[in-house]
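Participant: Quick one: the structure is below, questions incoming.
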Amino acid sequence: MPNRALQLKILSALILCGAWQIAGLIPVSYAFPTFTETMGALFDMARSGVLFEAYAETLQPLVVGVVISAFIGIAVGLWVGLSNFFDWLFSPIFIVMQAAPLAALIPLLVLAYGIGLTSKVLVVCIMAMPVIVLNTSSAVRNTPESFKEMGRSFLAPKHSILLRIVIPAASPVIFAGLRLGVSAGFIGAILAELKITPTGVGDIITYSRSIADYPSMYAAIFSIILLAVLFLNLLEKTETVLFKGNQRGYVSD
Amino acid sequence: MKRFLKRLASAALALPLAVSISSGTAYADKIRIALAETPSDELAAFFVALDRAKANGLDYEWTAFSDEELAIQAVLSGQMDIGFGTPYSAMQRSKAPLRIIFQLSKLKFFPVTTTKYSSLEDLNGEPILLHSRGGGTDSIANVIEDRMNIKFGERSYVPGSSNRVAALLGGRADATIIDLSNKNKLMRSDAAENFNVLEMFEVEASDEALFANLDWIKENEEDVAIFVNALVSTWRDMHEDPTVIRRETNPDGPIGQLPEEILAELDGFYTDAVEGGLYDPDGGGRTAATADMEWYSAAGQLEGTPDELNIEDFWYLAPLDAATN
């Protein structure tokens with residue numbers, strides 16, 4: 001029942017916005033604006049073009065980082081999943097990357113790569129890549145053996161088994177990893193802009209905070225969350241188109 | 001199952017209540033101070049004043065925030081009582097009844113450039129390195145533009161004077177604005193001949209000040225009076241003899257625990273600072289408030305002209321008046 005799902009989603013969004021409005025009206029803090037004030041600030045920023053200029057800057061490290069992480073991440077993940085040797089060689093690196101407190105490592109990245117785009121792309125990659133690699137590799141490793149046996153008994157060559165059996169079977173988990181990776185990438189992009197040099201959306205957040213323009217600050221945060229949610233939905237639609245009949249039901253739409 | 005849910009619900013209700021009661025009593029007498037940075041040599045005088053206030057019966061605890069805005073927000077939301085910083089925009093925009101009670105330091109910053117430039121006029125159209133957009137050095141740059149009738153080129157932001165000095169030394173920037181102690185360090189080093197400190201007008205406005213919620217101040221007049229008295233006495237003693245800070249620093253306190261090399265430089269730091277006019281022995285008061293109105297409205301952080309702004313809306317002068325008279 002897609003309609004019912006849509007109704008529930010709208011209801012949950014309304015409850016959230018309502019709670020936000022009430023919390024702003026109380027107010028829970030002088031620094032917490034109402035939902036309507038925040039939306040007003042968001043429209044003002046969109047109208048004056050400030051928001052789009054900011055996104056033009058924020059999207060650079062984000063897009064580059066996410067694209068690199070997705071391609072290299074899935075490739076390395078497949079490789080690690082298919083070969084025990086590469087599993088042994090690479091898995092620990094990504095597990096360490098995933099567990100590392102990135103905010104604390106940023107000074108090291110700045111020391112090595114400066115304050116430009118390279119450092120920011122690296123922050124996005126460090127956030128996004130491990131989830132993608134680890135999810136892909138475990139998905140590939142857990143392809144049901146009977147499927148592969150069937151392929152072999154039909155004398156399918158190795159690349160056909162990989163392309164027609166392993167990857168489609170692993171696709172739900174690969175896409176789950178991709179979605180988690182992309183969300184982590186969004187976190188990484190904003191973290192980089194807050195911690196390295198304030199540019200783009202990170203600059204709107206820090207600047208609005210320093211001049212106590214809290215509605216604009218929350219509007220910038222809201223906009224990045226909105227963008228992340230929209231992008232994740234798009235990713236899920238892509239998955240539905242690419243691997244029809246393989247979805248196992250998600251809550252993220 | 002139903003019984004279990006009931007129990008769970010009652011526990012869920014009781015827990016926050018118990019926590020709020022216990023935390024309420026724990027904080028009843030202690031004043032909570034929000035520092036805008038971790039304790040460093042620049043805060044040594046402040047900690048000496050805190051020790052003096054403690055000797056007079058003030059009970060306190062401090063928390064260091066990673067930046068000034070977080071400290072301001074903590075005071076705005078009532079999690080902290082007294083904060084560090086110059087929250088003029090927060091006072092004007094958020095309508096929170098915040099008031100400044102003491103000026104800790106003045107906005108003494110210096111334009112330092114490579115020998116390519118020798119006066120502020122030379123910086124017209126040239127790129128400059130500043131602390132953060134909307135911060136103190138950004139406001140200095142705005143006022144320089146205004147008074148000298150120039151326009152800086154691209155502004156890039158690197159937080160921390162020492163990091164901007166590193167950028168100058170590394171050749172990644174030709175002009176920046178840095179604080180007194182970093183300017184002195186740079187100009188006393190071997191690399192000094194490659195740099196110029198450009199002559200600039202005097203600034204009386206506040207860089208760091210102590211502020212609190214007016215309602216809280218009125219409820220805790222006695223504590224505030226002890227604290228402001230201790231600050232005034234420390235600031236005055238420091239003006240007579242800057243070495244008093246090193247002598248009175250508690251060896252077991254947060255400053256006393258800093259590395260020996262930093263402690264050894266305390267006397268030099270405070271002698272330079274007092275000479276350079278970084279501190280006002282009378283805690284700023286009306287002079288500082290008036291200068292702040294002028295400065296922060298020129299810098300674009302306060303809306304309105306200085307004569308429209310009322311200093312009583314930003315400062316609460318009673319404790320300082322009592323302490324200085």
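Residue numbers start at 1 in each chain; chains themselves are named A, B, ... in the order of the structure tokens; ligands are numbered from 1 in the order shown.
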When you look at Trp216 in chain B with a cut-off of 10 Å (counting only C-alpha atoms), what residues show up, excluding the ones that are within fewer than 6 positions of it in the same chain? I need them as a VMD selection string.

Facilitator: chain B and resid 78 81 to 82 97 to 98 224

Participant: Could the residues of chain B within 7 Å of chain A, counting only C-alpha atoms, be given as a PyMOL selection string, please?

Facilitator: chain B and resi 69+73+76-77+89-90+93-94+96+133-135+157-158+301

Participant: Can you spit out the residues from that selection as a compact mmCIF listing (two decimals), in the first residue's frame, using N, CA and C atoms?

Facilitator:
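The result, written out as result-v6.txt:
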# COMPACT_ATOMS: atom_id res chain seq x y z
N GLU B 69 31.64 30.23 20.63
CA GLU B 69 30.21 30.13 20.34
C GLU B 69 29.55 29.05 21.19
N GLN B 73 26.49 29.50 23.76
CA GLN B 73 25.26 28.71 23.71
C GLN B 73 24.97 28.01 25.03
N LEU B 76 23.49 30.57 27.17
CA LEU B 76 22.14 30.88 26.67
C LEU B 76 21.13 29.83 27.13
N SER B 77 21.55 28.55 27.08
CA SER B 77 20.58 27.52 27.42
C SER B 77 20.57 27.21 28.91
N SER B 89 26.38 39.95 19.32
CA SER B 89 25.31 39.60 18.37
C SER B 89 24.27 38.72 19.04
N ALA B 90 24.73 37.78 19.89
CA ALA B 90 23.77 36.90 20.57
C ALA B 90 22.85 37.72 21.47
N ARG B 93 20.45 39.73 18.97
CA ARG B 93 19.54 38.96 18.11
C ARG B 93 18.67 37.99 18.88
N SER B 94 19.25 37.29 19.86
CA SER B 94 18.45 36.24 20.50
C SER B 94 17.58 36.78 21.60
N ALA B 96 18.21 37.31 24.46
CA ALA B 96 18.49 36.70 25.76
C ALA B 96 19.01 37.79 26.68
N ARG B 133 35.40 33.85 9.86
CA ARG B 133 34.45 34.83 9.36
C ARG B 133 33.55 35.26 10.52
N GLY B 134 33.40 36.57 10.69
CA GLY B 134 32.56 37.06 11.77
C GLY B 134 33.29 37.14 13.11
N GLY B 135 34.57 36.72 13.18
CA GLY B 135 35.32 36.75 14.43
C GLY B 135 36.01 38.09 14.65
N TYR B 157 40.63 32.05 5.90
CA TYR B 157 40.50 31.92 7.35
C TYR B 157 41.29 30.73 7.88
N VAL B 158 42.18 31.01 8.83
CA VAL B 158 42.92 29.96 9.53
C VAL B 158 42.83 30.29 11.02
N GLN B 301 28.75 43.62 13.68
CA GLN B 301 28.18 42.59 14.55
C GLN B 301 27.00 43.12 15.37

Participant: DSSP on the backbone, strand (DSSP E) only: what residues of range 193-227 of chain B does that give? Format it as a ChimeraX atom specification.

Facilitator: /B:195-197,206-213

Participant: Contacts of Glu37 in chain A at 12 Å or less, counting only C-alpha atoms, minus same-chain residues fewer than 2 places along, as number ranges by chain?

Facilitator: A: 17, 20-21, 24-25, 32-35, 39-44, 213-219

Participant: Using only C-alpha atoms, which residue out of B:Gly304, B:Gly277, B:Gly153, B:Pro159 lies closest to Lys106 in chain B?

Facilitator: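 Smallest distance to Lys106 in chain B is found for B:Gly277.
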
Participant: Kindly give the distance, in Å, that separates CA of Val63 in chain A and CA of Gly116 in chain A, rounded to a single decimal.

Facilitator: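 Result for CA of Val63 in chain A versus CA of Gly116 in chain A: 15.3 Å, one decimal.
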
Participant: What's around Arg247 in chain B at 12 Å? Count only C-alpha atoms, leave out sequence neighbours fewer than 2 positions away in its own chain, and write the answer as a PyMOL selection string.

Facilitator: chain B and resi 44-45+48+237-238+241-245+249-251+255-256+263-264+266-267

Participant: May I ask for the distance between CA of Ala323 in chain B and CA of Leu104 in chain B, given in Å to one decimal place?

Facilitator: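 Spanning CA of Ala323 in chain B to CA of Leu104 in chain B is a straight-line distance of 14.9 Å.
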
Participant: To one decimal place in Å, what is the distance between CA of Gln60 in chain A and CA of Thr240 in chain A?

Facilitator: 27.2 Å

Participant: Find the residues around Val173 in chain A up to 8 Å (only C-alpha atoms counted), leave out those fewer than 4 positions away in its own chain, and share them as an MDAnalysis selection string.

Facilitator: chainID A and resid 135:136 139 177

Participant: Using only C-alpha atoms, determine which residues lie at most 12 Å from range 90-93 of chain A, disregarding the query and same-chain residues fewer than 4 positions distant; provide the list as a PDB file with C-alpha atoms, in the first residue's frame.

Facilitator:
ATOM      1  CA  GLY A  73      35.074   0.729  -2.563  1.00  0.00           C
ATOM      2  CA  VAL A  76      38.073  -3.477  -3.590  1.00  0.00           C
ATOM      3  CA  GLY A  77      35.095  -5.026  -1.786  1.00  0.00           C
ATOM      4  CA  LEU A  78      34.527  -7.534  -4.607  1.00  0.00           C
ATOM      5  CA  TRP A  79      38.191  -8.379  -4.673  1.00  0.00           C
ATOM      6  CA  VAL A  80      38.380  -8.824  -0.911  1.00  0.00           C
ATOM      7  CA  GLY A  81      35.204 -10.922  -0.947  1.00  0.00           C
ATOM      8  CA  SER A  83      39.951 -13.888  -2.455  1.00  0.00           C
ATOM      9  CA  ASN A  84      41.021 -14.962   1.002  1.00  0.00           C
ATOM     10  CA  PHE A  85      44.472 -13.501   0.449  1.00  0.00           C
ATOM     11  CA  PHE A  86      43.158 -10.006  -0.263  1.00  0.00           C
ATOM     12  CA  MET A  97      39.624   3.218   9.127  1.00  0.00           C
ATOM     13  CA  GLN A  98      36.064   2.625  10.220  1.00  0.00           C
ATOM     14  CA  ALA A  99      36.919   2.628  13.895  1.00  0.00           C
ATOM     15  CA  ALA A 100      39.330   5.594  13.798  1.00  0.00           C
ATOM     16  CA  ILE A 126      37.746   7.821   4.997  1.00  0.00           C
ATOM     17  CA  MET A 129      34.840   3.866   1.905  1.00  0.00           C
ATOM     18  CA  PRO A 130      35.155   1.382   4.806  1.00  0.00           C
ATOM     19  CA  VAL A 131      31.397   0.745   5.034  1.00  0.00           C
ATOM     20  CA  ILE A 132      31.189   0.216   1.271  1.00  0.00           C
ATOM     21  CA  VAL A 133      34.190  -2.142   1.144  1.00  0.00           C
ATOM     22  CA  LEU A 134      33.196  -4.184   4.188  1.00  0.00           C
ATOM     23  CA  ASN A 135      29.545  -4.521   3.130  1.00  0.00           C
ATOM     24  CA  THR A 136      30.465  -5.483  -0.426  1.00  0.00           C
ATOM     25  CA  SER A 137      33.014  -8.055   0.657  1.00  0.00           C
ATOM     26  CA  SER A 138      30.734  -9.739   3.157  1.00  0.00           C
TER      27      SER A 138
END

Participant: Might you pull out every residue within 7 Å of Ala49 in chain B, with only C-alpha atoms counted and same-chain residues fewer than 6 positions away left off, and present them as a PyMOL selection string?

Facilitator: chain B and resi 230-231+234

Participant: Mind dumping the selected residues with C-alpha atoms as a PDB file, in the first residue's frame?

Facilitator:
ATOM      1  CA  ALA B 230      38.795  39.162  42.936  1.00  0.00           C
ATOM      2  CA  LEU B 231      39.172  39.970  39.237  1.00  0.00           C
ATOM      3  CA  THR B 234      44.144  40.635  40.436  1.00  0.00           C
TER       4      THR B 234
END

Participant: Between A:Met127, A:Leu242, A:Leu155, A:Leu59, which has the minimum distance to Leu191 in chain A (counting only C-alpha atoms)?

Facilitator: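 With only C-alpha atoms as the atom set, the closest residue is A:Met127.
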